[in-house]
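These notes concern the structure reproduced below.
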Amino acid sequence: MTQRLYLAGPMTGLPEFNYPAFHAEAARLRALGYDVENPAENPAPPCGSWLGYMRLGLRQLLACDGVALLPGWRDSRGAWVECMVAHSLGLPVTMAADLQHAPTA
């Protein structure tokens, strides 16, 4: 069974919303064999607000087996929310860079 991970990290206020870092890490984790939910791949919500983006991301997170954090996540209000939700649900949360091997069954 493939492990599904949600990527969480800073976006607001960063150049290109930090999408290059999200895309690079998603590609690396996919190459290892993870199924990755990358919020940087989401279309803009109709409202275009932070809350709209969070609603999309939280739906994705709820379908995942764990959360992988990008550098700088501690400076992101959204990543804190995502991390709290994951912890509250008992989902494992780890730094994405620490994932160096294929997921185990």
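In the structure tokens, each chain is lettered A, B, ... as it comes, each chain's residues begin at 1, and ligands are numbered from 1 in order of appearance.
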
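Shell of Val85 (chain A) at 12 Å, with only C-alpha atoms counted and residues fewer than 4 places along the chain excluded, is Tyr6, Ala8, Met54, Gly57, Leu58, Arg59, Gln60, Leu61, Leu62, Cys64, Gly66, Val67, Gly78, Ala79, Trp80, Val81, Leu89, Gly90, Leu91, Pro92 and Val93 of chain A.
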
Keeping only all heavy atoms, take the residues you just selected and write them out as a short mmCIF file (atom, residue, chain, number, x, y, z; two decimals), in the first residue's frame.
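Output below, filename part-v2.cif:
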data_model
loop_
_atom_site.label_atom_id
_atom_site.label_comp_id
_atom_site.auth_asym_id
_atom_site.auth_seq_id
_atom_site.Cartn_x
_atom_site.Cartn_y
_atom_site.Cartn_z
N TYR A 6 0.74 14.53 3.06
CA TYR A 6 0.35 15.91 2.78
C TYR A 6 1.58 16.79 3.04
O TYR A 6 2.21 16.69 4.09
CB TYR A 6 -0.80 16.34 3.69
CG TYR A 6 -1.23 17.76 3.46
CD1 TYR A 6 -2.10 18.09 2.44
CD2 TYR A 6 -0.75 18.79 4.26
CE1 TYR A 6 -2.48 19.40 2.20
CE2 TYR A 6 -1.12 20.10 4.04
CZ TYR A 6 -1.99 20.40 3.01
OH TYR A 6 -2.36 21.70 2.78
N ALA A 8 3.17 20.27 3.99
CA ALA A 8 2.81 21.50 4.68
C ALA A 8 4.06 22.37 4.80
O ALA A 8 5.15 21.87 5.07
CB ALA A 8 2.25 21.21 6.06
N MET A 54 -6.98 27.29 2.65
CA MET A 54 -6.92 26.35 3.78
C MET A 54 -8.00 25.29 3.68
O MET A 54 -7.77 24.13 3.99
CB MET A 54 -7.03 27.11 5.11
CG MET A 54 -5.79 27.89 5.49
SD MET A 54 -4.29 26.87 5.61
CE MET A 54 -4.73 25.75 6.93
N GLY A 57 -6.77 22.71 1.28
CA GLY A 57 -5.68 21.93 1.85
C GLY A 57 -6.12 20.98 2.95
O GLY A 57 -5.68 19.83 3.01
N LEU A 58 -7.01 21.45 3.81
CA LEU A 58 -7.46 20.59 4.91
C LEU A 58 -8.24 19.39 4.39
O LEU A 58 -8.12 18.29 4.94
CB LEU A 58 -8.28 21.39 5.92
CG LEU A 58 -7.45 22.35 6.77
CD1 LEU A 58 -8.36 23.25 7.59
CD2 LEU A 58 -6.48 21.59 7.66
N ARG A 59 -8.98 19.57 3.32
CA ARG A 59 -9.66 18.41 2.71
C ARG A 59 -8.63 17.38 2.26
O ARG A 59 -8.83 16.17 2.43
CB ARG A 59 -10.52 18.85 1.53
CG ARG A 59 -11.92 19.14 1.93
CD ARG A 59 -12.80 19.43 0.73
NE ARG A 59 -13.38 20.73 0.98
CZ ARG A 59 -13.34 21.77 0.17
NH1 ARG A 59 -12.79 21.68 -1.01
NH2 ARG A 59 -13.87 22.91 0.51
N GLN A 60 -7.55 17.87 1.65
CA GLN A 60 -6.50 16.95 1.20
C GLN A 60 -5.85 16.25 2.40
O GLN A 60 -5.63 15.05 2.37
CB GLN A 60 -5.40 17.72 0.45
CG GLN A 60 -5.80 18.19 -0.92
CD GLN A 60 -4.69 19.02 -1.53
OE1 GLN A 60 -4.47 20.14 -1.08
NE2 GLN A 60 -4.02 18.48 -2.51
N LEU A 61 -5.53 17.01 3.42
CA LEU A 61 -4.86 16.45 4.59
C LEU A 61 -5.68 15.32 5.20
O LEU A 61 -5.13 14.29 5.61
CB LEU A 61 -4.63 17.56 5.62
CG LEU A 61 -3.81 17.20 6.85
CD1 LEU A 61 -3.12 18.44 7.38
CD2 LEU A 61 -4.62 16.56 7.93
N LEU A 62 -7.00 15.48 5.25
CA LEU A 62 -7.85 14.48 5.87
C LEU A 62 -7.83 13.14 5.13
O LEU A 62 -8.18 12.11 5.71
CB LEU A 62 -9.29 15.00 5.97
CG LEU A 62 -9.47 16.17 6.94
CD1 LEU A 62 -10.90 16.70 6.86
CD2 LEU A 62 -9.10 15.79 8.36
N CYS A 64 -5.04 11.83 4.01
CA CYS A 64 -3.64 11.38 4.06
C CYS A 64 -3.33 10.53 5.29
O CYS A 64 -4.07 10.52 6.26
CB CYS A 64 -2.72 12.59 4.02
SG CYS A 64 -2.75 13.42 2.42
N GLY A 66 -0.25 10.89 6.75
CA GLY A 66 0.73 11.65 7.52
C GLY A 66 1.01 12.98 6.85
O GLY A 66 0.55 13.25 5.74
N VAL A 67 1.80 13.80 7.55
CA VAL A 67 2.17 15.12 7.06
C VAL A 67 3.69 15.22 7.01
O VAL A 67 4.38 14.80 7.94
CB VAL A 67 1.59 16.23 7.98
CG1 VAL A 67 2.11 17.60 7.58
CG2 VAL A 67 0.08 16.20 7.95
N GLY A 78 -0.74 28.70 8.43
CA GLY A 78 -1.44 27.57 7.84
C GLY A 78 -0.80 26.23 8.17
O GLY A 78 -1.50 25.26 8.47
N ALA A 79 0.52 26.17 8.11
CA ALA A 79 1.21 24.92 8.43
C ALA A 79 1.01 24.54 9.90
O ALA A 79 0.88 23.37 10.23
CB ALA A 79 2.70 25.02 8.10
N TRP A 80 0.94 25.54 10.79
CA TRP A 80 0.64 25.25 12.20
C TRP A 80 -0.74 24.63 12.32
O TRP A 80 -0.93 23.65 13.06
CB TRP A 80 0.71 26.52 13.05
CG TRP A 80 2.08 26.84 13.56
CD1 TRP A 80 2.93 27.79 13.09
CD2 TRP A 80 2.78 26.19 14.63
NE1 TRP A 80 4.10 27.77 13.80
CE2 TRP A 80 4.04 26.80 14.76
CE3 TRP A 80 2.45 25.15 15.49
CZ2 TRP A 80 4.97 26.41 15.71
CZ3 TRP A 80 3.38 24.75 16.44
CH2 TRP A 80 4.62 25.38 16.54
N VAL A 81 -1.71 25.18 11.63
CA VAL A 81 -3.08 24.64 11.67
C VAL A 81 -3.06 23.20 11.16
O VAL A 81 -3.63 22.29 11.78
CB VAL A 81 -4.05 25.50 10.85
CG1 VAL A 81 -5.39 24.81 10.66
CG2 VAL A 81 -4.23 26.87 11.48
N LEU A 89 -5.57 14.21 15.08
CA LEU A 89 -6.11 12.99 14.47
C LEU A 89 -5.20 11.78 14.65
O LEU A 89 -5.53 10.69 14.21
CB LEU A 89 -6.36 13.23 12.98
CG LEU A 89 -7.42 14.28 12.65
CD1 LEU A 89 -7.46 14.55 11.15
CD2 LEU A 89 -8.78 13.85 13.16
N GLY A 90 -4.05 11.99 15.26
CA GLY A 90 -3.11 10.89 15.46
C GLY A 90 -2.28 10.55 14.23
O GLY A 90 -1.72 9.46 14.15
N LEU A 91 -2.21 11.48 13.28
CA LEU A 91 -1.40 11.25 12.08
C LEU A 91 0.05 11.60 12.37
O LEU A 91 0.33 12.60 13.03
CB LEU A 91 -1.90 12.11 10.92
CG LEU A 91 -3.33 11.87 10.45
CD1 LEU A 91 -3.70 12.88 9.37
CD2 LEU A 91 -3.47 10.45 9.93
N PRO A 92 1.00 10.82 11.86
CA PRO A 92 2.40 11.15 12.06
C PRO A 92 2.77 12.42 11.29
O PRO A 92 2.28 12.66 10.19
CB PRO A 92 3.16 9.93 11.52
CG PRO A 92 2.19 9.22 10.65
CD PRO A 92 0.82 9.56 11.12
N VAL A 93 3.63 13.21 11.91
CA VAL A 93 4.13 14.44 11.31
C VAL A 93 5.65 14.37 11.35
O VAL A 93 6.23 14.08 12.41
CB VAL A 93 3.63 15.68 12.07
CG1 VAL A 93 4.22 16.95 11.49
CG2 VAL A 93 2.11 15.74 12.07
#

Residue contacts of Asn18 (chain A) (12 Å, only C-alpha atoms) excluding same-chain residues fewer than 4 positions away, as number ranges by chain:
A: 8-14, 22-25, 38-41, 70-73, 76

Give me a file of those residues, with all heavy atoms, as a short mmCIF file (atom, residue, chain, number, x, y, z; two decimals), in the first residue's frame.
data_model
loop_
_atom_site.label_atom_id
_atom_site.label_comp_id
_atom_site.auth_asym_id
_atom_site.auth_seq_id
_atom_site.Cartn_x
_atom_site.Cartn_y
_atom_site.Cartn_z
N ALA A 8 3.17 20.27 3.99
CA ALA A 8 2.81 21.50 4.68
C ALA A 8 4.06 22.37 4.80
O ALA A 8 5.15 21.87 5.07
CB ALA A 8 2.25 21.21 6.06
N GLY A 9 3.87 23.65 4.59
CA GLY A 9 4.99 24.57 4.71
C GLY A 9 4.56 25.99 4.45
O GLY A 9 3.39 26.26 4.16
N PRO A 10 5.50 26.91 4.51
CA PRO A 10 5.17 28.32 4.33
C PRO A 10 4.91 28.67 2.88
O PRO A 10 5.56 28.15 1.98
CB PRO A 10 6.42 29.03 4.86
CG PRO A 10 7.54 28.08 4.56
CD PRO A 10 6.94 26.71 4.76
N MET A 11 3.95 29.55 2.67
CA MET A 11 3.63 30.06 1.33
C MET A 11 3.47 31.58 1.35
O MET A 11 4.08 32.29 0.57
CB MET A 11 2.33 29.44 0.81
CG MET A 11 2.43 27.99 0.42
SD MET A 11 0.84 27.45 -0.24
CE MET A 11 1.26 25.83 -0.81
N THR A 12 2.62 32.06 2.26
CA THR A 12 2.27 33.47 2.31
C THR A 12 3.51 34.35 2.48
O THR A 12 4.33 34.10 3.36
CB THR A 12 1.28 33.73 3.46
OG1 THR A 12 0.14 32.90 3.27
CG2 THR A 12 0.84 35.19 3.49
N GLY A 13 3.62 35.34 1.61
CA GLY A 13 4.70 36.31 1.71
C GLY A 13 6.02 35.88 1.10
O GLY A 13 6.98 36.65 1.09
N LEU A 14 6.09 34.66 0.58
CA LEU A 14 7.33 34.17 -0.02
C LEU A 14 7.28 34.33 -1.54
O LEU A 14 6.20 34.28 -2.13
CB LEU A 14 7.56 32.71 0.35
CG LEU A 14 7.83 32.46 1.84
CD1 LEU A 14 7.92 30.98 2.11
CD2 LEU A 14 9.09 33.17 2.29
N PHE A 22 7.76 23.45 -2.82
CA PHE A 22 6.71 22.44 -2.71
C PHE A 22 6.80 21.44 -3.87
O PHE A 22 6.73 20.23 -3.66
CB PHE A 22 5.32 23.10 -2.72
CG PHE A 22 4.85 23.55 -1.36
CD1 PHE A 22 5.27 24.76 -0.84
CD2 PHE A 22 3.99 22.77 -0.62
CE1 PHE A 22 4.83 25.19 0.40
CE2 PHE A 22 3.53 23.18 0.62
CZ PHE A 22 3.96 24.40 1.14
N HIS A 23 6.96 21.95 -5.09
CA HIS A 23 7.02 21.07 -6.26
C HIS A 23 8.26 20.16 -6.23
O HIS A 23 8.17 18.98 -6.57
CB HIS A 23 6.98 21.88 -7.55
CG HIS A 23 5.69 22.62 -7.76
ND1 HIS A 23 4.45 22.07 -7.50
CD2 HIS A 23 5.45 23.87 -8.20
CE1 HIS A 23 3.50 22.95 -7.77
NE2 HIS A 23 4.08 24.06 -8.20
N ALA A 24 9.39 20.73 -5.84
CA ALA A 24 10.62 19.92 -5.78
C ALA A 24 10.50 18.81 -4.74
O ALA A 24 10.88 17.66 -5.01
CB ALA A 24 11.83 20.82 -5.47
N GLU A 25 9.96 19.13 -3.58
CA GLU A 25 9.83 18.11 -2.54
C GLU A 25 8.78 17.07 -2.92
O GLU A 25 8.96 15.88 -2.68
CB GLU A 25 9.50 18.74 -1.19
CG GLU A 25 9.59 17.78 -0.03
CD GLU A 25 10.97 17.14 0.12
OE1 GLU A 25 11.98 17.79 -0.17
OE2 GLU A 25 11.02 15.96 0.52
N ASN A 38 -0.03 17.77 -2.67
CA ASN A 38 0.74 19.00 -2.70
C ASN A 38 -0.22 20.19 -2.85
O ASN A 38 -0.78 20.39 -3.93
CB ASN A 38 1.73 18.95 -3.86
CG ASN A 38 2.53 20.21 -4.03
OD1 ASN A 38 2.44 21.14 -3.24
ND2 ASN A 38 3.35 20.24 -5.06
N PRO A 39 -0.42 20.99 -1.80
CA PRO A 39 -1.36 22.10 -1.91
C PRO A 39 -0.94 23.15 -2.95
O PRO A 39 -1.79 23.89 -3.44
CB PRO A 39 -1.39 22.70 -0.50
CG PRO A 39 -0.11 22.27 0.13
CD PRO A 39 0.20 20.93 -0.48
N ALA A 40 0.32 23.16 -3.34
CA ALA A 40 0.78 24.09 -4.38
C ALA A 40 0.24 23.70 -5.76
O ALA A 40 0.34 24.48 -6.70
CB ALA A 40 2.30 24.15 -4.40
N GLU A 41 -0.31 22.50 -5.88
CA GLU A 41 -0.89 22.06 -7.15
C GLU A 41 -2.38 22.38 -7.24
O GLU A 41 -3.01 22.14 -8.27
CB GLU A 41 -0.67 20.55 -7.32
CG GLU A 41 0.79 20.18 -7.45
CD GLU A 41 1.05 18.69 -7.40
OE1 GLU A 41 0.13 17.90 -7.07
OE2 GLU A 41 2.20 18.31 -7.67
N LEU A 70 7.86 21.13 5.34
CA LEU A 70 8.94 21.80 4.62
C LEU A 70 9.66 22.77 5.56
O LEU A 70 9.08 23.23 6.55
CB LEU A 70 8.38 22.58 3.43
CG LEU A 70 7.79 21.73 2.31
CD1 LEU A 70 7.13 22.63 1.27
CD2 LEU A 70 8.85 20.88 1.67
N PRO A 71 10.92 23.10 5.25
CA PRO A 71 11.63 24.09 6.06
C PRO A 71 10.83 25.39 6.16
O PRO A 71 10.17 25.80 5.21
CB PRO A 71 12.93 24.31 5.29
CG PRO A 71 13.13 23.05 4.51
CD PRO A 71 11.74 22.59 4.14
N GLY A 72 10.89 26.00 7.32
CA GLY A 72 10.19 27.25 7.55
C GLY A 72 8.75 27.09 7.97
O GLY A 72 8.05 28.08 8.16
N TRP A 73 8.30 25.87 8.17
CA TRP A 73 6.89 25.64 8.49
C TRP A 73 6.48 26.35 9.77
O TRP A 73 5.34 26.78 9.90
CB TRP A 73 6.59 24.14 8.57
CG TRP A 73 7.09 23.49 9.82
CD1 TRP A 73 8.31 22.93 10.01
CD2 TRP A 73 6.38 23.34 11.05
NE1 TRP A 73 8.42 22.45 11.28
CE2 TRP A 73 7.25 22.69 11.95
CE3 TRP A 73 5.11 23.70 11.49
CZ2 TRP A 73 6.88 22.38 13.25
CZ3 TRP A 73 4.74 23.39 12.79
CH2 TRP A 73 5.62 22.74 13.65
N SER A 76 4.69 29.64 9.46
CA SER A 76 3.47 29.61 8.65
C SER A 76 2.24 29.33 9.51
O SER A 76 2.14 28.26 10.12
CB SER A 76 3.59 28.54 7.57
OG SER A 76 2.35 28.29 6.97
#

Would you give me, as a list in words, the residues in chain A that DSSP reads as strand (DSSP E)?
Arg4, Leu5, Tyr6, Leu7, Ala8, Asp35, Val36, Glu37, Gly66, Val67, Ala68, Leu69, Val93, Thr94 and Met95 of chain A

DSSP helix (DSSP H, G or I) residues within region 36-77 of chain A, as a PyMOL selection string:
chain A and resi 39-41+50-62+73-75+77

Which residue, A:Asn42, A:Thr94, A:Trp50, A:Leu7, has the smallest gap to Ala27 (chain A) when you use only C-alpha atoms?
A:Leu7
